[in-house]
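Undergrad: The structure that follows is given in the form of structure tokens.
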Amino acid sequence: MNAVVSSPPVLQPVDVIDQLVGIAPGSALDQLRAQREQARTQAQQSYLALFAPTDSVAGHFEIADRFAVAAFVAGLHRQPDVARFYRETLAGKGVAQAIETEVARGAAQGPYGRYPEGPLSVEDDVGPVYAVDDAHRAVFGERLSAGLAHAHLLVFHPRDASPAALQALLDAGWRTTEIVTLSQLVAFLAFQIRVVIGLRALVTTSA
Amino acid sequence: MSTESTLNHPGNTHPRTFTQAQLEWRPWLEPLREDELTERHFAGLVDASRARSPYFRLLARDPDILGARTRTDKDIFYNPEAGLPRAERELSAAAASRFNGCIYCASVHARFASHFSQRTDDVQRLLDEGVQADLGARWNAIVEASVALSATPSTFGPAHVDALRAQGLDDLAIADVVHGAAFFNWANRLMLSLGEPQELAAA
């Protein structure tokens, strides 16, 4: 087991995107989201599938570790409210603080990365390659540390992805199915966070 | 000790440019075999025909998130009720994919954008010149909004909303731009990190 979470996470019954944007029932944005009811419902279902999976058919990626990765990813997007939402679940000092320090260490601007050699090479944009600080590897363990490094790759420079990056996860103890879930989790957050940002901007400019 | 390993495709002809041509995609991790798929996996695939795709058979390893994701995707892009015309939802997807550097996703959604708009040359300029290409005021506003939202950290804000309104988009259409671009920040990261595109031999 893992000591990342203080107690079983209490999942919000409310729609996470509505909560993070601050959408009140009956408001203009509530009515607007109702016109894409499936997109709204299934975005929430995606959140639940990742953070409250119904059974272990999809590997052994601890819920505690999922929230740690999420807090890291939201922090890298510099969305304090979203980061707080995912960090609230993490146990007191150790992990939450270590994640916060790693967010600061991992700060970058994306997307950057290399293209396959050829005409697009002129657009290559090299940026930092991140790894968890040695002092924090003991806090997270090798497996979660590798997961955080992969999350950083996906957040900022997915076009640098490679079989070697996946092999690093396998070498750290991730199995194929768990890598699929990790990839979905980071990629889903890239979506969820952007929907929150976009809808917030729409709220602030509403006539 | 894990016996699982990555898949490599040393003979693959990787596309070197953004293209509207049909591409294939080769996984770097082992997809499920078609004969391994259970009812639950098919529920995640939503369309049974997706069982033929190595991409979807790899994602089917976690069927619940795949199912929710697929249904999110369908409502954002295929819901015909009001909002942004289909061509421009595809434009937001293509712009995000061009910016993030996903040659595979860009090929699919540039093709759709061309199909629905009949503006194949403008779409090709987005691919050739990049997201700064001048595609006319309305498309420029959609591309700029999609790109700003795709940057990490995002630079999307009220000015982008105002620019879209100035081009005649109502709030639902603007929300469709947001969702189209945001969704491709999900899709691009999976496509780019779990495998590689493959150029098909010229017919």
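Chain labels A, B, ... are given in the sequence in which chains occur in the structure tokens; within each chain residues are numbered consecutively from 1, and ligands are likewise numbered from 1 in the order shown.
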Check which residues of chain A sit at most 6 Å from chain B using only C-alpha atoms, and return one row each with the closest pair of atoms and their distance in Å to one decimal, ordered by chain and rising number, as a tab-separated table.

TA:
residue	atom	partner	partner_atom	distance
A:Gln38	CA	B:Asp75	CA	5.9
A:Ala39	CA	B:Thr72	CA	4.4
A:Gln42	CA	B:Ala68	CA	5.1
A:Gln45	CA	B:Ala68	CA	5.8
A:Ser46	CA	B:Ala68	CA	5.2
A:Ala49	CA	B:Ile65	CA	5.3
A:Ala58	CA	B:Asp62	CA	5.0
A:His77	CA	B:Pro153	CA	4.8
A:Gln109	CA	B:Thr152	CA	5.6
A:Gly110	CA	B:Thr152	CA	4.9
A:Pro111	CA	B:Asn100	CA	5.8
A:Gly118	CA	B:Arg16	CA	5.7
A:Pro158	CA	B:Arg189	CA	5.9
A:Arg159	CA	B:Leu192	CA	5.9
A:Ala161	CA	B:Ser193	CA	4.9
A:Pro163	CA	B:Trp28	CA	5.9
A:Thr177	CA	B:Arg61	CA	5.5
A:Ala187	CA	B:Trp186	CA	4.4
A:Phe188	CA	B:Trp186	CA	5.4
A:Ala190	CA	B:Asn185	CA	5.9
A:Phe191	CA	B:Ala182	CA	4.7
A:Arg194	CA	B:Ala182	CA	5.5
A:Gly198	CA	B:Val178	CA	5.7
A:Ala201	CA	B:Pro158	CA	5.1

Undergrad: So that I have them on file, write out the residues from the current selection with N, CA, C and O atoms, as a CSV table (one decimal), in the first residue's frame.

TA:
chain,number,residue,atom,x,y,z
A,38,GLN,N,-24.2,15.1,-23.3
A,38,GLN,CA,-23.4,14.0,-23.3
A,38,GLN,C,-21.9,14.4,-23.0
A,38,GLN,O,-21.2,13.7,-22.3
A,39,ALA,N,-21.5,15.5,-23.6
A,39,ALA,CA,-20.1,15.9,-23.4
A,39,ALA,C,-19.9,16.2,-21.9
A,39,ALA,O,-18.9,15.9,-21.3
A,42,GLN,N,-20.2,12.8,-19.8
A,42,GLN,CA,-19.1,11.9,-20.1
A,42,GLN,C,-17.8,12.5,-19.7
A,42,GLN,O,-16.8,11.7,-19.4
A,45,GLN,N,-17.9,11.4,-16.2
A,45,GLN,CA,-17.7,10.0,-16.1
A,45,GLN,C,-16.3,9.6,-16.4
A,45,GLN,O,-15.7,8.7,-15.8
A,46,SER,N,-15.6,10.4,-17.2
A,46,SER,CA,-14.1,10.2,-17.4
A,46,SER,C,-13.4,10.4,-16.1
A,46,SER,O,-12.5,9.6,-15.7
A,49,ALA,N,-14.1,7.5,-13.9
A,49,ALA,CA,-13.4,6.3,-14.4
A,49,ALA,C,-11.9,6.3,-14.0
A,49,ALA,O,-11.4,5.2,-13.7
A,58,ALA,N,-8.6,-2.8,-14.7
A,58,ALA,CA,-7.6,-2.0,-15.4
A,58,ALA,C,-6.3,-1.8,-14.7
A,58,ALA,O,-5.7,-0.7,-14.7
A,77,HIS,N,0.2,23.1,-15.1
A,77,HIS,CA,-0.7,24.0,-15.9
A,77,HIS,C,-0.9,25.4,-15.3
A,77,HIS,O,-1.6,26.2,-15.8
A,109,GLN,N,7.3,25.9,-20.5
A,109,GLN,CA,6.3,26.4,-21.4
A,109,GLN,C,6.2,25.5,-22.6
A,109,GLN,O,7.3,25.2,-23.2
A,110,GLY,N,5.1,24.9,-22.8
A,110,GLY,CA,4.9,24.0,-23.9
A,110,GLY,C,3.9,24.5,-24.9
A,110,GLY,O,3.3,25.5,-24.7
A,111,PRO,N,3.8,23.8,-26.0
A,111,PRO,CA,4.5,22.6,-26.4
A,111,PRO,C,5.9,22.9,-27.0
A,111,PRO,O,6.0,23.8,-27.8
A,118,GLY,N,13.8,16.1,-40.9
A,118,GLY,CA,13.3,16.5,-42.2
A,118,GLY,C,12.8,17.9,-42.3
A,118,GLY,O,13.4,18.7,-41.5
A,158,PRO,N,4.9,16.4,-25.7
A,158,PRO,CA,4.5,15.1,-26.1
A,158,PRO,C,5.1,14.6,-27.4
A,158,PRO,O,5.2,13.4,-27.6
A,159,ARG,N,5.5,15.6,-28.2
A,159,ARG,CA,6.1,15.1,-29.5
A,159,ARG,C,7.5,14.6,-29.3
A,159,ARG,O,8.1,14.1,-30.3
A,161,ALA,N,7.9,12.1,-27.3
A,161,ALA,CA,7.6,10.8,-26.8
A,161,ALA,C,8.3,9.7,-27.6
A,161,ALA,O,8.6,9.9,-28.8
A,163,PRO,N,9.4,5.1,-27.7
A,163,PRO,CA,9.3,3.8,-27.0
A,163,PRO,C,10.2,3.7,-25.8
A,163,PRO,O,9.8,3.1,-24.8
A,177,THR,N,-1.1,-2.1,-19.2
A,177,THR,CA,-2.4,-1.5,-19.0
A,177,THR,C,-2.4,-0.3,-18.1
A,177,THR,O,-3.1,0.7,-18.3
A,187,ALA,N,-3.6,13.0,-20.0
A,187,ALA,CA,-4.3,13.6,-21.2
A,187,ALA,C,-5.7,14.1,-20.9
A,187,ALA,O,-6.0,15.2,-21.4
A,188,PHE,N,-6.4,13.3,-20.1
A,188,PHE,CA,-7.7,13.8,-19.7
A,188,PHE,C,-7.6,15.2,-19.0
A,188,PHE,O,-8.4,16.1,-19.2
A,190,ALA,N,-5.4,17.4,-19.3
A,190,ALA,CA,-5.1,18.4,-20.3
A,190,ALA,C,-6.4,19.0,-20.9
A,190,ALA,O,-6.5,20.1,-21.2
A,191,PHE,N,-7.3,18.1,-21.0
A,191,PHE,CA,-8.7,18.5,-21.5
A,191,PHE,C,-9.5,19.2,-20.5
A,191,PHE,O,-10.0,20.3,-20.7
A,194,ARG,N,-8.4,22.7,-19.6
A,194,ARG,CA,-8.7,23.7,-20.7
A,194,ARG,C,-10.2,24.0,-20.8
A,194,ARG,O,-10.5,25.1,-21.2
A,198,GLY,N,-11.5,27.8,-20.5
A,198,GLY,CA,-12.3,28.3,-21.6
A,198,GLY,C,-13.6,28.8,-21.1
A,198,GLY,O,-14.1,29.9,-21.5
A,201,ALA,N,-13.4,32.0,-19.1
A,201,ALA,CA,-13.3,33.2,-19.9
A,201,ALA,C,-14.6,33.6,-20.5
A,201,ALA,O,-14.9,34.8,-20.6

Undergrad: Quick one: residues within 7 Å of Tyr112 (chain A), only C-alpha atoms counted, chain neighbours fewer than 3 positions away excluded, as a PyMOL selection string?

TA: chain A and resi 125-127+156-157

Undergrad: Identify all residues of chain B in strand (DSSP E) (DSSP on the backbone) and supply them as a list in words.

TA: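 Those in chain B that DSSP calls strand (DSSP E) are Leu23, Glu24, Trp25, Arg26, Pro27, Gly195, Glu196, Pro197, Gln198 and Glu199 of chain B.
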
Undergrad: In Å, with one decimal, what is the gap from CA of Asp134 (chain B) to CA of Cys105 (chain B)?

TA: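 Between these atoms lies a distance of 21.3 Å.
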
Undergrad: Mind listing the alpha helix (DSSP H) residues of chain B, per DSSP on the backbone, as an NGL selection string?

TA: :B and (39-45 or 54-59 or 63-78 or 86-100 or 103-117 or 120-129 or 137-150 or 158-166 or 171-194)

Undergrad: Using only C-alpha atoms, which of the listed residues (A:Ala107, A:Leu144, A:Ala64, A:Leu154) sits closest to Ala172 (chain A)?

TA: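 Closest residue, counting only C-alpha atoms: A:Leu144.
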